[in-house]
Structure formats: C-alpha cells, structure tokens
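Take a look at the structure below.
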Amino acid sequence: MNALEIEDITKRFGDFYAVKDLSLKIPQKMIYGLLGPNGAGKTTTIRMVMNIIIPDKGSIRVLDRKIDEEMKERIGYLPEDRGLYPKMKVGEHLFFLSELKGLRGKEARKRIDFWLERFDLTDWKLKKVEELSKGMQQKIQFIATVIHDPELIILDEPFSGLDPVNTKLLKDIMLEMKKNGRTIIFSTHRMEQVEMICDNICLINKAEKVLEGNLSLIKKQYGKNSVVLDYEGDASFVQGLPEIEKIDDYGKSMEIKLKEQTDPQELLNALVGKIRITKFEVMEPTLNAIFIDKVGERDAKDTVSY
Amino acid sequence: MQKILSVIKREYIQIIRTKGFIIGTILGPVLMAAFIVVPVVVQFIAVDQQEKIGIIDETGEIFMGLEQKLDQKLKDGTRRYLLINYPLKDDMEALKEELNQKVLRKEFSAYIFIPENISGDGEAEFVSEHVSDFDKRGNFNRALSSIVIEKRLKGEGLDPKRISEYMRPVALVTKKVTKRGVERDAGGTFIISYFLVLVLYMTLLFYGQIILRGVIEEKSSRVVEIVLSSLKPFQLMAGKIVGIAAVGFTQYAIWALFGLAASRYSKKLLTGFFPAAASFPMPSIPSYILVYFVLFFILGYFLYATMYAAIGSMVNSEKEAQQLIMPIVMFLVVPILLMMFVIKSPDSTFSVVLSMIPFFAPILMLLRICILLPPFPQIATSIILLILSIVLMIWLVAKIYRVGILMYGKRPSFGEILKWVRYS
C-alpha cells in the first residue's frame, strides 16, 4: 500500500495551470520531499490532497482510500498559510485543535504537556498566543499537526521561519517519526534541507513533474563527476578551461560539472598556483546542480537563493 | 457533530470572556434604566432651589393673581418662585435695562414684563438667560393666560368658573381589543413594541458584526487552514454561528433577569422616592409576545449571521468589509424607518406585504404582533418564508464561504463569486 497515490491530476485557475498532469506514488514509512521554485504548484498539489481544492481532473488516494472527513484524523497537515487564534492561551488552543482531531480530555492534556516539554514551551502554556514569537508559534502549529500521532504527515514549507537550532530539532523529530513507521511528505524550495533527510523526492517546475525517484539513485545516475571548490582569488579563468562542462559560481565557492571521462586531477592541476584553494572535493552532484541542470538556469534562479 | 460542538464551545467561551461582552451585558440594562430614570430624577432634583423672578406689571392688577397661581412649594415648604413686584417708572426702557442687568448678575433667574394692554393684543415678555426652560416658561404662560382670560370673561360679565366647566375636554380612554377581550391601554403597547423592536434591531446588528469580525480574524491570522485540516468549512461556519447565537441567548437571559428584578422592585423603589410615580402604569409584556420575540430573534439571527459570514469570508480586513456590509445594514435600517408607518396602520396591505419580506420580517412582523396580533396565517407565512430563505441563504453562503475563506489578496468581483457558487 502506498501512503499517497496521485494520478494524472490537473488544476487550472483561469488560463493558468497550477498543476498539470501530475502523477505521484509515495510509499509508506519514508520522508518524501516535494521540491520546486515558488509558484511551481507544490501548495496547490498538497491542498488537493487535503481535499481543500478539488482537482479539475485526475484522482487522489490517501492511505489507499479516497479522502474524506474521517480520513483526516489519520493525517497531520501543516499548511503553508498558517496561524493561530491570537487571543487564545497556548494550552487551550492546543486543546481545541486536539479536540478537532478526535482527542479527548486527559489523553489530549497528557500529549499537549509532552510536546510542550519537548519543544521547551512549558512555561508558555498559560500565555496568550499573541505574546509568542513567530518561531514559537510555528512550533505550536507543528505540535497541533502531530498531536494525534497521525500515520501520514504532510508539511508545507515546515522550516520557513525557524532558526537553525529549531530547524535541527524539527529534522530530528521528523527522522524519529520515520523510524516509528510514519510517512512524512514535505514541500520546500530549499534544496539543502532535502538532501539531509529525504529518501525520495519529486521536482516540480511550472506545474509539471521534472524528476522523481530515490534521491541517492538520482545522484548516482548523474555520476561522480562534480567538484566543489572553495577558493580565494580571481577564478574567472576557470570558465574557459577545456575540462569544464558547467559552473555554478557563488563567489567564494563553486560547483563544477566536469565533461564526461574527465579526470578531476587534471582540473586540480590547472588550478594550482592561479588561485588559493581551501577545499577541493570530488562528489556526486548536489541537488541544486541537478535541479539547475533539469529546469535551466533562469527557472532555477529563485530556487537557489542562499 | 463532536467537532462542531468543539467549535461552538470555543466561540462561546472566547466571546463570553471578552471585556466587550461583559461591559455590554452590564452596561446595556444600566443605560436602558438610565434613559428612563434619569430624566425623572433630574426633574425632581432640579427644582430644589428657590428662584427670584422680577415682575413689571403695567396693569397693576395681575401681580396678585400670579402670586396666587404660582404657589408651588419646595420640599422645605418655601415658595418655588419668589415674585418681586417692581414699581413702575416713567422711563420703562431704563427699568427693563436695570432688570436685564439683574438677570445677568444672576440675582434674578428671569423677569416678566406685562404690558398695559395685555387683555387686548399686547404681548407679555419672559426675559431670562436660559430661555430653553420649557417647564418654567410653561408654568408662567399658563398662569398668566388664565388670569388674563378670567379678566376678559369678567369684563364681558361672564362667570369664569362656569365657562371653564363648559370648556372641559372630553375624556378619551384608549382600549385595545384582542381575542382575549378588551383591556385598557395607556400607551404601554407602543412603548413595548418600540422597545422590543429596537432591542431586536440592535442585537441583530451587534451579533452580525461579531460574526463578521470572527471570520475576518480567522482569515487574517491564517488559522483557518489549520482548523480546516480537521473539519469541513461548513462545520466551522455552523459552529461559529451557533456558538455566537448561544452568546446572544446568554446575554438575553442576563437582561431578562435584570428586567424581572427591575419590574418587581423598581416600582417600589421609584414610588418610595417619588410618590408621583405611582400613577404611572408599569407596562407588562404578554408571554406570547416574548415567545414570538425569541422566535424572530433566532430566525433573524440565522438569516443575517449567514450573510455576515459570507462577507467576512470574501474580504481581507474589516475596512474592506465596511463597504460590503452596507446593503445588509440597509436591510435592517429600512424596517426601522418604516416602523412609524407600520405602527400607525399595521393592517394596511403595505404593512402586511412588508412584514412578509424575509429581510424585514423579523422586525416588522414582530412589530405587528406587538401592536395587533395579525391573523395566524399571516404570521405562519412570514415564518415559513423566513425559514425557506434561511435554508437558501445557508446553501448559497456555504459555497461562497468554502472558497472565500482560503482566498487572500484581491477582493473577488461579483462575477467571481457567482463562479464560486456555480462550481463549488
């Protein structure tokens, strides 16, 4: 059984295709990354999965069933447009959202206390939501998403607005949930987040699927002919070297794709003495490079924004 | 169902707790009582000071009569008006000027000039700093008139006592006939109808605004999609509307208790201070009117609440909502404007038709019920029409709400809204 099966869905808003002929199969018990630039169609896809928007055509099966209200208790959904009632107290807000997920009384209270402790928010339980920082509110929203221990967790841009410490905390929790047999689907436009935790990915661009599959397999397909180079000095001459197929230059660091059958040592030889090299690593291409390769420089621009 | 209950509970508790609700609930009856009691009390209090009034009597015959007629006493037994007769002078203008100064220096609260030809077409003058004191002016006018009229009658050789007996107006008692018999009505019906209709109008407006604000808050705080991850838009809307209705009932219940206590003790209290109040009949509200009042509140509430919810879901801010709610507010204001007409002729075709139109029915049918209890088929028809339009409205609004609640940015045009209704 797949956690999610999407078949050939399309959604149009007027003349604009938000999602076009998209099919996906997401197996259970893994972390699945839905990637793409802003406006690619990730949120629309997720909203269709959650039955908030109805697709113009195609079918969606969640946990091997058509989604209905009862289903929603088995899913945890963190929307991209998210917020909380500003005047409610943290504790009662979480209690209200737990009730909506079918949790009652003592059990709900126990879980709320557990999660507040876990996110170091116990002292804020009796404070009003509006007194919390944005990051704290994000954590409360995440707690509300997983409080009923759902089988399938769908997170739309879960890391946006979190500082590095909380980003790590959230990643750890996601990995732990996977270990406990849960399926997590999340969308992002930040590639480096995906590389660290995803098993499978799907790249979406301009409403259409560009690439899908197991992340390490995809990388292997691209072969070990990439070099990451950290340097000091003027490296503009590198562009003209014969070994090079493509460069993404970030100023102090560049990712280089070599032509096939090229020995990285030749490149190193060509560089020595001309610039100061602080790091030279031969590796599989980063997801960034793959993405740029797939969707083209211009489309990728707003995605690769470090 | 369990989920709707959770939403109802949340709405109810959150609003009951706000300062606005607590203040409004307590202040409502206090203000209402103040409107009734304060003017009465003020009138009794304000008299408690003797006023000096100068009199220039050119005829020399009227002062005595005035002093006899204006013999109201203050609490301590002294006269309310201390009249001071001014001897005439050759230069009348100088005398008037002297008295003007006394009024300005507040030695006198007023003075009265009575010309020689007052029995003919002469005009008396009442000069004061505060000419808007109708009560005082009325007292003097009446006293002066009756003295002058007596004088005129005597001049013609007629007996003023007999004439005033002939001139006594006919007594006209107002009685209201209903199916249960004939009862005396001293304007109580009018006051009650007016009062109930205004309460209905204000609460419909007030609770509509609360719904509007609630929906906009859910949108602008972006909480709505989180809530909708566990329930349907319709459940959220229904829970909100019912929850706020419960708030309305709580408020009514508190007010009813106030009212009950007031009608039980207020008369005793009032007559204790002011014996005169005993003659004022305390209006009582027949129970069938209360039943209809509650019924029309519920129906009116659901009709207007759904409309307010629809508008809340279409906009991004309260400011944007203000233009869109104008038509709804008009629906509520129109019956208030037509109220006087309906009170005057509650049985005319125009009134009957108006009270059948669902948007006006809650206010105008209730008004007609208060005034004359229309035939039951008319009441039933208006109730059925109301229920039908509520069902239609909920069906329509649910579709608008479902789409609108997740739309941010530009306010949708009328055409777009039609599209939502057709496709969702």
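Following the order of the structure tokens, first chain is A, next is B, and so on, with residues numbered from 1 inside each chain and ligands from 1 in the order they appear.
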
Using only C-alpha atoms, what table do you get, as a tab-separated table, when you list each residue of chain A with an atom no more than 6 Å from chain B, its nearest pair of atoms, and their distance in Å rounded to one decimal, rows by chain then rising number?
```
residue	atom	partner	partner_atom	distance
A:Lys72	CA	B:Ser230	CA	5.8
A:Asp81	CA	B:Arg222	CA	5.8
A:Arg82	CA	B:Arg222	CA	4.8
A:Gly83	CA	B:Val223	CA	4.3
A:Leu84	CA	B:Val223	CA	4.6
A:Leu100	CA	B:Lys3	CA	5.4
```

Test item, strand (DSSP E or B) assignment across range 69-214 of chain A, answer as a PDB file with C-alpha atoms, in the first residue's frame:
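Dumped to result18.pdb:
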```
ATOM      1  CA  ILE A  75      -3.388  12.716   8.646  1.00  0.00           C
ATOM      2  CA  GLY A  76      -1.435  15.568  10.161  1.00  0.00           C
ATOM      3  CA  TYR A  77      -1.378  18.624   7.923  1.00  0.00           C
ATOM      4  CA  LEU A  78       0.678  21.759   8.409  1.00  0.00           C
ATOM      5  CA  LYS A  89      -3.980  30.750  25.508  1.00  0.00           C
ATOM      6  CA  LYS A 128      -1.753  34.145  25.013  1.00  0.00           C
ATOM      7  CA  LEU A 152       0.694  10.370   7.344  1.00  0.00           C
ATOM      8  CA  ILE A 153       2.177  13.794   7.989  1.00  0.00           C
ATOM      9  CA  ILE A 154       2.053  16.461   5.302  1.00  0.00           C
ATOM     10  CA  LEU A 155       4.133  19.558   5.952  1.00  0.00           C
ATOM     11  CA  ASP A 156       4.021  22.529   3.588  1.00  0.00           C
ATOM     12  CA  THR A 183       5.222   8.678   6.423  1.00  0.00           C
ATOM     13  CA  ILE A 184       6.219  12.300   6.026  1.00  0.00           C
ATOM     14  CA  ILE A 185       5.685  14.364   2.906  1.00  0.00           C
ATOM     15  CA  PHE A 186       7.030  17.863   2.952  1.00  0.00           C
ATOM     16  CA  SER A 187       7.466  20.643   0.468  1.00  0.00           C
ATOM     17  CA  THR A 188      10.305  23.112   0.333  1.00  0.00           C
ATOM     18  CA  ASN A 200      12.599  10.108  -2.211  1.00  0.00           C
ATOM     19  CA  ILE A 201      11.976  13.358  -3.978  1.00  0.00           C
ATOM     20  CA  CYS A 202       9.869  14.870  -6.682  1.00  0.00           C
ATOM     21  CA  LEU A 203      10.896  18.006  -8.520  1.00  0.00           C
ATOM     22  CA  ILE A 204       8.077  20.177  -9.798  1.00  0.00           C
ATOM     23  CA  ASN A 205       8.522  23.141 -12.070  1.00  0.00           C
ATOM     24  CA  GLU A 208       4.778  19.809 -14.141  1.00  0.00           C
ATOM     25  CA  LYS A 209       6.879  17.000 -12.737  1.00  0.00           C
ATOM     26  CA  VAL A 210      10.504  17.258 -13.793  1.00  0.00           C
ATOM     27  CA  LEU A 211      12.139  14.479 -11.866  1.00  0.00           C
ATOM     28  CA  GLU A 212      11.054  11.809  -9.426  1.00  0.00           C
ATOM     29  CA  GLY A 213      12.606   8.964  -7.538  1.00  0.00           C
ATOM     30  CA  ASN A 214      15.030   7.816  -4.894  1.00  0.00           C
TER      31      ASN A 214
END
```

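With only C-alpha atoms taken into account, the protein and nucleic acid residues at most 6 Å from range 229-241 of chain A (excluding it and anything under 6 positions from it in its own chain) are Lys252, Ser253, Met254, Ile275, Arg276, Ile277, Thr278, Lys279 and Phe280 of chain A.
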
Take the selection from the previous step and output its residues with C-alpha atoms, as a JSON list (two decimals), in the first residue's frame.
```json
[["chain", "number", "residue", "atom", "x", "y", "z"],
["A", 252, "LYS", "CA", 33.99, 32.07, -2.75],
["A", 253, "SER", "CA", 32.83, 28.64, -3.75],
["A", 254, "MET", "CA", 31.83, 26.98, -6.99],
["A", 275, "ILE", "CA", 44.06, 30.71, -7.10],
["A", 276, "ARG", "CA", 44.32, 29.80, -3.44],
["A", 277, "ILE", "CA", 42.41, 26.53, -2.94],
["A", 278, "THR", "CA", 40.89, 25.94, 0.50],
["A", 279, "LYS", "CA", 38.75, 22.95, -0.43],
["A", 280, "PHE", "CA", 38.62, 20.59, -3.40]]
```

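Taking only C-alpha atoms, the non-local environment of Ile390 in chain B within 8 Å (same-chain residues fewer than 5 positions away omitted) comprises B:Leu299, B:Phe302, B:Leu303.
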
Convert the current residue selection to file output with C-alpha atoms, as a PDB file, in the first residue's frame.
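Below is the file that was written, again_23.pdb:
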```
ATOM      1  CA  LEU B 299     -34.767  33.385  12.613  1.00  0.00           C
ATOM      2  CA  PHE B 302     -29.624  32.992  11.269  1.00  0.00           C
ATOM      3  CA  LEU B 303     -30.579  34.963   8.188  1.00  0.00           C
TER       4      LEU B 303
END
```

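Residue nearest Arg12 in chain A, chosen from A:Lys57, A:Ile26, A:Ile292, A:Met136 and counting only C-alpha atoms: A:Lys57.
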